[in-house]
Amino acid sequence: MAFDLSKCDFSRCRGECLVRCPYISYGEDDAKRAIQSLIRGEPHPILKECITCAACNDFCPQGADPWDLIALRQEETGVLGIPPDAKPSSDWLTKPAIILRRGKPGGPLISAGGIYEVVPQAEFLTGQMFEDATVIGGGAYACGFTETHLGRASRPLEYLRQFISNLAEAADEFGVDGIIFTHDACYDVATTLAMQQRVEVPFRPVHILEYIRDWLREHRDRVRPLNISIAVQGGCTTRYAPKGGDHEIWSDWLAEIFEIIGVESVEEKRTYTGIDRLCCGCGIFHTQTERALEIQRRNIQDAIDAGAEKLVFICPACIAVMRAACRKMELEPIYITQLVKLALGEELGPAGTAAFGYPVR
Ligand code: SF4
Ligand code: SF4
């Protein structure tokens, strides 16, 4: 999560970082000039045009992490024009730590971080898979990653030690060795960022997809295959996941979940997939709403054209921001836990597939 100037070598790239950005139209020379300006600390329009999706870190063939340079300059200049007390992220970070649901002693411990209300995690994390689980949330367990969309990209690093320490205390209190994270951001901060910063993590971080995959492996006999085609919304934070080979580790867990519950992914037929996947637009939803909606429509239409019957979400923020557009375009949005519950023959409860009616906060 830091730009590496030593790797940014204009003679060994074609400015892919910005040439491939799906939200702007830069040629190679424009791209290199923009990055050069940012390296020098000069103002550049890219700072305002960037929707904070983090994709350019994946596009750069040198591994220089240019998004982290853009984010740094966005924070230094305040160019995104977001006030210091911007809601709701600052709210999430100051919420008291709470127990959303108390499970059985020694059962799994799940952290919903600070954003357990954008989708009702207390309702989504129910059913057989979660019957023994305790779910905690609140600012003490928020990694601060949402702040990167608000021009305050330094927050995850600022909170890192406190975040890990709070979670370690929770692991002790509930007598568990591992903590399951419902959001990629918290998982990535507790793995990728902690490793980069050499911060010891005294518990095992577990991604929600890893937990679901492991549970399904042991309960295959309970599954009724769904036999449907689905597309996947991969959020920005998934790009920070540890890599397994040349791809992000979560994609292996998701592929196995799909195989067990009998759904076919249409991702191979999509234009906006893999590292070219589109952002949900949450970073600009309140400041450039029409631009965000245009991105969502492009994304959803692409999934429909590929033959998807549902659009599956892993990130609570993505589904909160995109569910209205999905409904309008008649592609059913569904949160991953709800999809698996369908395959287990369980009722989805009042939250349904995507918690329609819950506010986008
Ligand atoms: S960040 Fe990567 S792609 Fe962009 S100019 Fe530097 S080396 Fe080239
Ligand atoms: S973070 Fe996303 S929107 Fe911003 S420049 Fe990089 S690819 Fe483009």
# chains A, B, ... in the order shown; residues from 1 in each chain; ligands from 1
$ residues_near_ligand --ligand "ligand 1" --cutoff "10 Å" --atoms "only C-alpha atoms and all ligand atoms" --output "number ranges by chain"
A: 3-20, 28-36, 39, 56-69
$ residues_near_ligand --ligand "ligand 2" --cutoff "6 Å" --atoms "only C-alpha atoms and all ligand atoms" --output "list in words"
Leu18, Cys21, Tyr23, Cys50, Ile51, Thr52, Cys53, Ala54, Ala55, Cys56 and Trp67 of chain A
$ write_last_selection --atoms "C-alpha atoms" --output "compact mmCIF listing (two decimals), in the first residue's frame"
# COMPACT_ATOMS: atom_id res chain seq x y z
CA LEU A 18 -3.81 4.95 -16.80
CA CYS A 21 -8.19 2.74 -16.56
CA TYR A 23 -13.03 5.55 -16.47
CA CYS A 50 -9.88 8.95 -10.49
CA ILE A 51 -12.79 7.12 -8.87
CA THR A 52 -10.50 5.37 -6.33
CA CYS A 53 -10.98 1.82 -7.64
CA ALA A 54 -7.35 0.69 -7.15
CA ALA A 55 -7.30 -1.12 -10.52
CA CYS A 56 -4.19 0.66 -11.79
CA TRP A 67 -2.99 3.99 -7.21
$ closest_atom_pairs --of "region 246-332 of chain A" --to "region 140-151 of chain A" --cutoff "10 Å" --atoms "only C-alpha atoms" --output "Markdown table"
| residue | atom | partner | partner_atom | distance |
| --- | --- | --- | --- | --- |
| A:Gly281 | CA | A:His149 | CA | 9.7 |
| A:Cys282 | CA | A:His149 | CA | 7.7 |
| A:Gly283 | CA | A:His149 | CA | 4.8 |
| A:Ile284 | CA | A:His149 | CA | 8.0 |
| A:Ala317 | CA | A:Thr146 | CA | 9.2 |
$ closest_residue --among "A:Cys315, A:Leu160, A:Met195, A:Ile304" --to "Cys236 (chain A)" --atoms "only C-alpha atoms"
A:Cys315
$ select_by_dssp --residues "region 159-190 of chain A" --states "strand (DSSP E)" --output "ChimeraX atom specification"
/A:178-181
$ write_last_selection --atoms "N, CA, C and O atoms" --output "PDB file, in the first residue's frame"
ATOM      1  N   GLY A 178      -8.838 -17.917  15.480  1.00  0.00           N
ATOM      2  CA  GLY A 178      -8.994 -17.218  14.208  1.00  0.00           C
ATOM      3  C   GLY A 178     -10.170 -16.257  14.238  1.00  0.00           C
ATOM      4  O   GLY A 178     -11.105 -16.436  15.020  1.00  0.00           O
ATOM      5  N   ILE A 179     -10.111 -15.229  13.396  1.00  0.00           N
ATOM      6  CA  ILE A 179     -11.240 -14.299  13.265  1.00  0.00           C
ATOM      7  C   ILE A 179     -11.640 -14.264  11.793  1.00  0.00           C
ATOM      8  O   ILE A 179     -10.796 -14.114  10.901  1.00  0.00           O
ATOM      9  N   ILE A 180     -12.937 -14.412  11.581  1.00  0.00           N
ATOM     10  CA  ILE A 180     -13.476 -14.416  10.210  1.00  0.00           C
ATOM     11  C   ILE A 180     -13.909 -13.001   9.870  1.00  0.00           C
ATOM     12  O   ILE A 180     -14.613 -12.357  10.652  1.00  0.00           O
ATOM     13  N   PHE A 181     -13.500 -12.530   8.702  1.00  0.00           N
ATOM     14  CA  PHE A 181     -13.848 -11.174   8.289  1.00  0.00           C
ATOM     15  C   PHE A 181     -14.902 -11.207   7.189  1.00  0.00           C
ATOM     16  O   PHE A 181     -14.740 -11.898   6.185  1.00  0.00           O
TER      17      PHE A 181
END
$ closest_residue --among "A:Ile261, A:Ile164, A:Met322, A:Ile314" --to "Cys280 (chain A)" --atoms "only C-alpha atoms"
A:Met322
$ closest_residue --among "A:Glu123, A:Asp276, A:Asp305, A:Asp252" --to "Glu347 (chain A)" --atoms "only C-alpha atoms"
A:Glu123
$ select_by_dssp --residues "region 87-324 of chain A" --states "helix (DSSP H, G or I)" --output "PyMOL selection string"
chain A and resi 89-94+121-124+128-130+139-141+145-150+155-174+184-196+208-218+220-222+236-240+249-261+267-269+274-276+282-284+289-305+316-324
$ atom_distance --atom1 "CA of Pro205 (chain A)" --atom2 "CA of Thr191 (chain A)"
7.0 Å
$ atom_distance --atom1 "CA of Glu210 (chain A)" --atom2 "CA of Leu157 (chain A)"
24.7 Å
$ atom_distance --atom1 "CA of Glu264 (chain A)" --atom2 "CA of Arg327 (chain A)"
21.2 Å
$ residues_around --residues "Trp215 (chain A)" --least-positions-apart "2" --cutoff "12 Å" --atoms "only C-alpha atoms" --output "list in words"
Pro108, Gln128, Met129, Phe130, Glu131, Ile208, Leu209, Glu210, Tyr211, Ile212, Arg213, Arg217, Glu218, His219, Arg220, Asp221, Arg222, Val223, Trp253, Glu256, Ile257, Ile260, Ile261, Thr337, Val340 and Leu344 of chain A
$ closest_residue --among "A:Ala241, A:Leu216, A:Ala351, A:Met329" --to "Leu193 (chain A)" --atoms "only C-alpha atoms"
A:Ala241
